[in-house]
Amino acid sequence: MNKLKHTLLIATCVALASQFHFNYFIQGFIITLSVILLPIFLYNYAELNPVIVGFVTGIVSPFFRGVIEYMEIKDLPITWIMVGPDVFFYFAYGIFYYFLYYRAVKKDITRFVLTAFLCDFLSNIVEMSIRTSIVGMNIEIIRNLVVIAATRASIVLGVIISIRHYKAFLAKEEHEERYRRLMLLTSSFKSEIYFMNKNIKEIEDVMKKSYFAYKVISENDYPYELKHLALDIAKDVHEIKKDYIRVISGLKQMSKDKTNCNRMSIKDIISILEIDTKEYIRLNDLDIEIFFNVKVNFNVAEHFYLMSILRNLINNSIEAMGKKKKGFLKLDIYDQGKDYVFNVSDNGEGIKEDNIHYIFNPGFSTKFDEETGDIERGLGLALVRDLARDVFQGYISVKSEINKGTSFTIVFPSRIFGR
């Protein structure tokens with residue numbers, strides 16, 4: 001069914017394109033755009049039998065042209081004389097293409113262009129022979145047909161190469177977009193795993209305290225129900241810990257993919273973040289100008305964690321600016337002696353002085369939904385601080401003024417990156 005649709009589509013497009021032409025040599029013989037489109041269609045719809053395409057096109061296109069010609073001259077025999085040989089042109093084209101290219105074992109662009117040239121030239125010979133009854137054709141006409149066929153074959157080659165390059169460009173764009181999204185997703189994924197690993201220690205502490213409470217209750221004259229309640233709590237916490245470990249193990253296994261390259265340059269990391277940030281600003285129709293300035297280049301082994309750190313800070317800045325007019329977000333990365341410095345600054349609403357000492361605490365958040373009253377879990381800055389300290393042996397500081405903006409500065413020792 002699809003082949004029939006595609007065949008009819010080709011025939012229709014060729015018929016329409018045949019109206020862009022000029023007369024040449026003798027009455028009825030035209031130089032048309034359709035002979036450029038036909039081989040392009042046959043090349044891109046390689047699954048279609050060219051003989052069938054040629055025969056269908058040889059009926060549809062001349063019929064379409066014949067209707068238009070008849071409306072002008074109102075003479076059916078003359079109309080047939082003018083358009084009838086077109087039928088044999090397309091029939092011949094499909095047959096020649098079938099034997100010269102479709103059935104060929106080795107198919108490449110050189111063979112295709114040569115086929116386009118020969119099909120054009122030989123089919124024109126067939127059509128011209130019918131129009132001139134063979135006798136009326138001379139060497140001058142043949143020479144001109146060669147030039148016409150060569151010109152149209154060259155145009156076909158140019159179009160095919162352009163299509164190839166365009167498809168390659170789209171494939172590359174799609175691949176880069178997928179890779180970029182995968183990198184960002186994996187960054188968030190690994191950061192969550194990191195935070196979950198830290199929570200295991202807290203779960204262990206709760207379990208130890210529960211068991212200690214059970215021992216204290218057992219050694220003293222407390223109600224029997226209280227003793228078993230403490231023991232049940234310790235057992236439940238232990239089961240939660242085991243489930244937690246299984247989940248983390250599964251997540252770690254899922255995150256082992258081809259994105260786990262050994263090292264990644266800071267400029268590549270920032271390039272991904274910049275594209276993602278611009279896309280987010282565009283999609284949310286925000287009036288924010290961003291400026292990412294990387295004055296130094298180095299390779300990062302734990303690039304997912306660094307990407308998560310910077311992405312959290314950038315997202316915080318964007319949220320702080322909200323729908324503000326003429327928002328400004330800046331990221332500076334530079335070398336300072338034995339350290340690499342990362343500075344993320346904005347001209348957002350700022351942080352209240354009373355809150356600055358708590359913003360890095362897990363669970364602390366000033367963001368809430370006014371309609372539902374739900375508060376965000378507040379892991380962003382806590383995660384940033386822990387990753388900066390535990391993974392990169394660095395530290396983070398913040399300066400902020402209400403209604404003027406906020407600046408986060410992270411300092412990493414350059415030796416961590418193999419300098």
# chains A, B, ... in the order shown; residues from 1 in each chain; ligands from 1
>>> residues_around(residues="A:Asn2", least_positions_apart="6", cutoff="12 Å", atoms="only C-alpha atoms", output="list in words")
Leu8, Leu9, Tyr45, Glu47 and Leu48 of chain A
>>> residues_around(residues="stretch 88-95 of chain A", least_positions_apart="2", cutoff="9 Å", atoms="only C-alpha atoms", output="mmCIF file with C-alpha atoms, in the first residue's frame")
data_model
loop_
_atom_site.group_PDB
_atom_site.id
_atom_site.type_symbol
_atom_site.label_atom_id
_atom_site.label_comp_id
_atom_site.auth_asym_id
_atom_site.auth_seq_id
_atom_site.Cartn_x
_atom_site.Cartn_y
_atom_site.Cartn_z
ATOM 1 C CA ASN A 49 10.418 -0.809 -8.925
ATOM 2 C CA PRO A 50 11.482 1.861 -11.459
ATOM 3 C CA VAL A 51 9.626 0.136 -14.307
ATOM 4 C CA ILE A 52 6.334 0.475 -12.460
ATOM 5 C CA VAL A 53 7.169 4.055 -11.457
ATOM 6 C CA GLY A 54 8.055 4.856 -15.075
ATOM 7 C CA PHE A 55 4.838 3.342 -16.426
ATOM 8 C CA VAL A 56 2.594 5.086 -13.873
ATOM 9 C CA THR A 57 4.398 8.387 -14.406
ATOM 10 C CA GLY A 58 4.165 7.822 -18.185
ATOM 11 C CA ILE A 59 0.390 7.805 -17.842
ATOM 12 C CA SER A 61 2.223 13.118 -16.378
ATOM 13 C CA GLY A 84 1.885 11.138 -26.749
ATOM 14 C CA PRO A 85 5.678 10.707 -27.122
ATOM 15 C CA ASP A 86 6.062 11.741 -23.446
ATOM 16 C CA TYR A 97 16.928 2.782 -14.855
ATOM 17 C CA TYR A 98 15.869 -0.750 -13.956
ATOM 18 C CA PHE A 99 18.705 -2.380 -15.889
ATOM 19 C CA LEU A 100 21.396 0.240 -15.353
ATOM 20 C CA CYS A 119 18.465 7.380 -18.783
ATOM 21 C CA ASP A 120 17.920 11.052 -19.614
ATOM 22 C CA LEU A 122 18.482 7.501 -24.119
ATOM 23 C CA SER A 123 14.874 8.290 -23.142
ATOM 24 C CA ASN A 124 15.125 11.595 -25.004
ATOM 25 C CA ILE A 125 16.419 9.680 -28.038
ATOM 26 C CA VAL A 126 13.378 7.389 -27.819
ATOM 27 C CA GLU A 127 10.990 10.331 -27.516
ATOM 28 C CA MET A 128 12.711 12.344 -30.242
ATOM 29 C CA ILE A 130 9.030 9.003 -32.255
#
>>> closest_residue(among="A:Ala301, A:Ile109, A:Ile281, A:Ile410", to="A:Phe342", atoms="only C-alpha atoms")
A:Ile410
>>> select_by_dssp(residues="stretch 258-294 of chain A", states="helix (DSSP H, G or I)", output="list in words")
Ile266, Lys267, Asp268, Ile269, Ile270, Ser271, Ile272, Leu273, Glu274, Ile275, Asp276, Thr277, Lys278, Glu279, Tyr280, Ile281, Arg282 and Leu283 of chain A
>>> residues_around(residues="A:Ser191", least_positions_apart="3", cutoff="9 Å", atoms="only C-alpha atoms", output="list in words")
Thr186, Ser187, Ser188, Tyr194, Phe195, Met196, Phe304, Tyr305, Ser308, Ile309, Leu383 and Leu387 of chain A
>>> atom_distance(atom1="atom CA of A:Ser34", atom2="atom CA of A:Arg103")
23.3 Å
>>> decode(residues="stretch 117-214 of chain A", atoms="C-alpha atoms", output="PDB file, in the first residue's frame")
ATOM      1  CA  PHE A 117      22.731  10.799 -17.515  1.00  0.00           C
ATOM      2  CA  LEU A 118      22.165   7.713 -19.698  1.00  0.00           C
ATOM      3  CA  CYS A 119      18.465   7.380 -18.783  1.00  0.00           C
ATOM      4  CA  ASP A 120      17.920  11.052 -19.614  1.00  0.00           C
ATOM      5  CA  PHE A 121      19.821  10.873 -22.913  1.00  0.00           C
ATOM      6  CA  LEU A 122      18.482   7.501 -24.119  1.00  0.00           C
ATOM      7  CA  SER A 123      14.874   8.290 -23.142  1.00  0.00           C
ATOM      8  CA  ASN A 124      15.125  11.595 -25.004  1.00  0.00           C
ATOM      9  CA  ILE A 125      16.419   9.680 -28.038  1.00  0.00           C
ATOM     10  CA  VAL A 126      13.378   7.389 -27.819  1.00  0.00           C
ATOM     11  CA  GLU A 127      10.990  10.331 -27.516  1.00  0.00           C
ATOM     12  CA  MET A 128      12.711  12.344 -30.242  1.00  0.00           C
ATOM     13  CA  SER A 129      12.770   9.316 -32.563  1.00  0.00           C
ATOM     14  CA  ILE A 130       9.030   9.003 -32.255  1.00  0.00           C
ATOM     15  CA  ARG A 131       8.455  12.725 -32.753  1.00  0.00           C
ATOM     16  CA  THR A 132      10.711  12.916 -35.815  1.00  0.00           C
ATOM     17  CA  SER A 133       9.952   9.389 -37.080  1.00  0.00           C
ATOM     18  CA  ILE A 134      13.730   8.763 -36.729  1.00  0.00           C
ATOM     19  CA  VAL A 135      14.534  10.369 -40.082  1.00  0.00           C
ATOM     20  CA  GLY A 136      14.305  13.952 -38.844  1.00  0.00           C
ATOM     21  CA  MET A 137      16.974  13.646 -36.144  1.00  0.00           C
ATOM     22  CA  ASN A 138      20.519  14.839 -36.837  1.00  0.00           C
ATOM     23  CA  ILE A 139      23.904  14.971 -35.114  1.00  0.00           C
ATOM     24  CA  GLU A 140      23.250  18.492 -33.833  1.00  0.00           C
ATOM     25  CA  ILE A 141      20.137  17.358 -31.997  1.00  0.00           C
ATOM     26  CA  ILE A 142      21.984  14.377 -30.501  1.00  0.00           C
ATOM     27  CA  ARG A 143      24.829  16.630 -29.332  1.00  0.00           C
ATOM     28  CA  ASN A 144      22.345  18.977 -27.669  1.00  0.00           C
ATOM     29  CA  LEU A 145      20.585  16.064 -26.005  1.00  0.00           C
ATOM     30  CA  VAL A 146      23.929  14.996 -24.536  1.00  0.00           C
ATOM     31  CA  VAL A 147      24.465  18.505 -23.151  1.00  0.00           C
ATOM     32  CA  ILE A 148      20.943  18.596 -21.700  1.00  0.00           C
ATOM     33  CA  ALA A 149      21.332  15.152 -20.104  1.00  0.00           C
ATOM     34  CA  ALA A 150      24.739  16.064 -18.664  1.00  0.00           C
ATOM     35  CA  THR A 151      23.397  19.340 -17.250  1.00  0.00           C
ATOM     36  CA  ARG A 152      20.391  17.711 -15.614  1.00  0.00           C
ATOM     37  CA  ALA A 153      22.530  14.855 -14.266  1.00  0.00           C
ATOM     38  CA  SER A 154      24.870  17.442 -12.714  1.00  0.00           C
ATOM     39  CA  ILE A 155      21.909  19.168 -11.072  1.00  0.00           C
ATOM     40  CA  VAL A 156      20.661  15.795  -9.796  1.00  0.00           C
ATOM     41  CA  LEU A 157      24.114  15.084  -8.343  1.00  0.00           C
ATOM     42  CA  GLY A 158      24.133  18.454  -6.577  1.00  0.00           C
ATOM     43  CA  VAL A 159      20.683  17.860  -5.087  1.00  0.00           C
ATOM     44  CA  ILE A 160      21.550  14.323  -3.929  1.00  0.00           C
ATOM     45  CA  ILE A 161      24.769  15.494  -2.270  1.00  0.00           C
ATOM     46  CA  SER A 162      22.872  18.344  -0.598  1.00  0.00           C
ATOM     47  CA  ILE A 163      20.241  15.910   0.701  1.00  0.00           C
ATOM     48  CA  ARG A 164      22.966  13.621   2.019  1.00  0.00           C
ATOM     49  CA  HIS A 165      24.704  16.457   3.825  1.00  0.00           C
ATOM     50  CA  TYR A 166      21.417  17.707   5.243  1.00  0.00           C
ATOM     51  CA  LYS A 167      20.499  14.238   6.522  1.00  0.00           C
ATOM     52  CA  ALA A 168      23.957  13.867   8.045  1.00  0.00           C
ATOM     53  CA  PHE A 169      23.567  17.281   9.674  1.00  0.00           C
ATOM     54  CA  LEU A 170      20.178  16.341  11.148  1.00  0.00           C
ATOM     55  CA  ALA A 171      21.536  13.001  12.375  1.00  0.00           C
ATOM     56  CA  LYS A 172      24.466  14.757  14.018  1.00  0.00           C
ATOM     57  CA  GLU A 173      22.172  17.337  15.629  1.00  0.00           C
ATOM     58  CA  GLU A 174      19.891  14.582  16.920  1.00  0.00           C
ATOM     59  CA  HIS A 175      22.852  12.579  18.221  1.00  0.00           C
ATOM     60  CA  GLU A 176      24.310  15.596  20.011  1.00  0.00           C
ATOM     61  CA  GLU A 177      20.925  16.447  21.515  1.00  0.00           C
ATOM     62  CA  ARG A 178      20.488  12.892  22.805  1.00  0.00           C
ATOM     63  CA  TYR A 179      24.014  12.836  24.184  1.00  0.00           C
ATOM     64  CA  ARG A 180      23.505  16.186  25.901  1.00  0.00           C
ATOM     65  CA  ARG A 181      20.237  15.060  27.497  1.00  0.00           C
ATOM     66  CA  LEU A 182      21.809  11.778  28.546  1.00  0.00           C
ATOM     67  CA  MET A 183      24.721  13.580  30.169  1.00  0.00           C
ATOM     68  CA  LEU A 184      22.414  15.884  32.134  1.00  0.00           C
ATOM     69  CA  LEU A 185      20.135  13.026  33.149  1.00  0.00           C
ATOM     70  CA  THR A 186      23.058  10.868  34.239  1.00  0.00           C
ATOM     71  CA  SER A 187      24.482  13.791  36.197  1.00  0.00           C
ATOM     72  CA  SER A 188      21.251  14.140  38.179  1.00  0.00           C
ATOM     73  CA  PHE A 189      21.020  10.374  38.491  1.00  0.00           C
ATOM     74  CA  LYS A 190      24.503   9.934  39.954  1.00  0.00           C
ATOM     75  CA  SER A 191      24.028  12.858  42.329  1.00  0.00           C
ATOM     76  CA  GLU A 192      20.885  11.246  43.710  1.00  0.00           C
ATOM     77  CA  ILE A 193      22.774   7.960  44.182  1.00  0.00           C
ATOM     78  CA  TYR A 194      25.514   9.862  46.000  1.00  0.00           C
ATOM     79  CA  PHE A 195      22.993  11.438  48.365  1.00  0.00           C
ATOM     80  CA  MET A 196      21.258   8.107  48.945  1.00  0.00           C
ATOM     81  CA  ASN A 197      24.585   6.540  49.885  1.00  0.00           C
ATOM     82  CA  LYS A 198      25.064   9.245  52.496  1.00  0.00           C
ATOM     83  CA  ASN A 199      21.597   8.544  53.879  1.00  0.00           C
ATOM     84  CA  ILE A 200      22.534   4.929  54.540  1.00  0.00           C
ATOM     85  CA  LYS A 201      24.813   6.097  57.362  1.00  0.00           C
ATOM     86  CA  GLU A 202      21.927   7.985  58.913  1.00  0.00           C
ATOM     87  CA  ILE A 203      19.726   4.911  58.606  1.00  0.00           C
ATOM     88  CA  GLU A 204      22.422   2.869  60.357  1.00  0.00           C
ATOM     89  CA  ASP A 205      22.525   5.408  63.181  1.00  0.00           C
ATOM     90  CA  VAL A 206      18.749   5.170  63.611  1.00  0.00           C
ATOM     91  CA  MET A 207      18.974   1.376  63.643  1.00  0.00           C
ATOM     92  CA  LYS A 208      21.742   1.401  66.281  1.00  0.00           C
ATOM     93  CA  LYS A 209      19.791   3.809  68.458  1.00  0.00           C
ATOM     94  CA  SER A 210      16.654   1.666  68.141  1.00  0.00           C
ATOM     95  CA  TYR A 211      18.568  -1.459  69.154  1.00  0.00           C
ATOM     96  CA  PHE A 212      20.230   0.375  72.032  1.00  0.00           C
ATOM     97  CA  ALA A 213      16.798   1.489  73.221  1.00  0.00           C
ATOM     98  CA  TYR A 214      15.687  -2.153  73.083  1.00  0.00           C
TER      99      TYR A 214
END
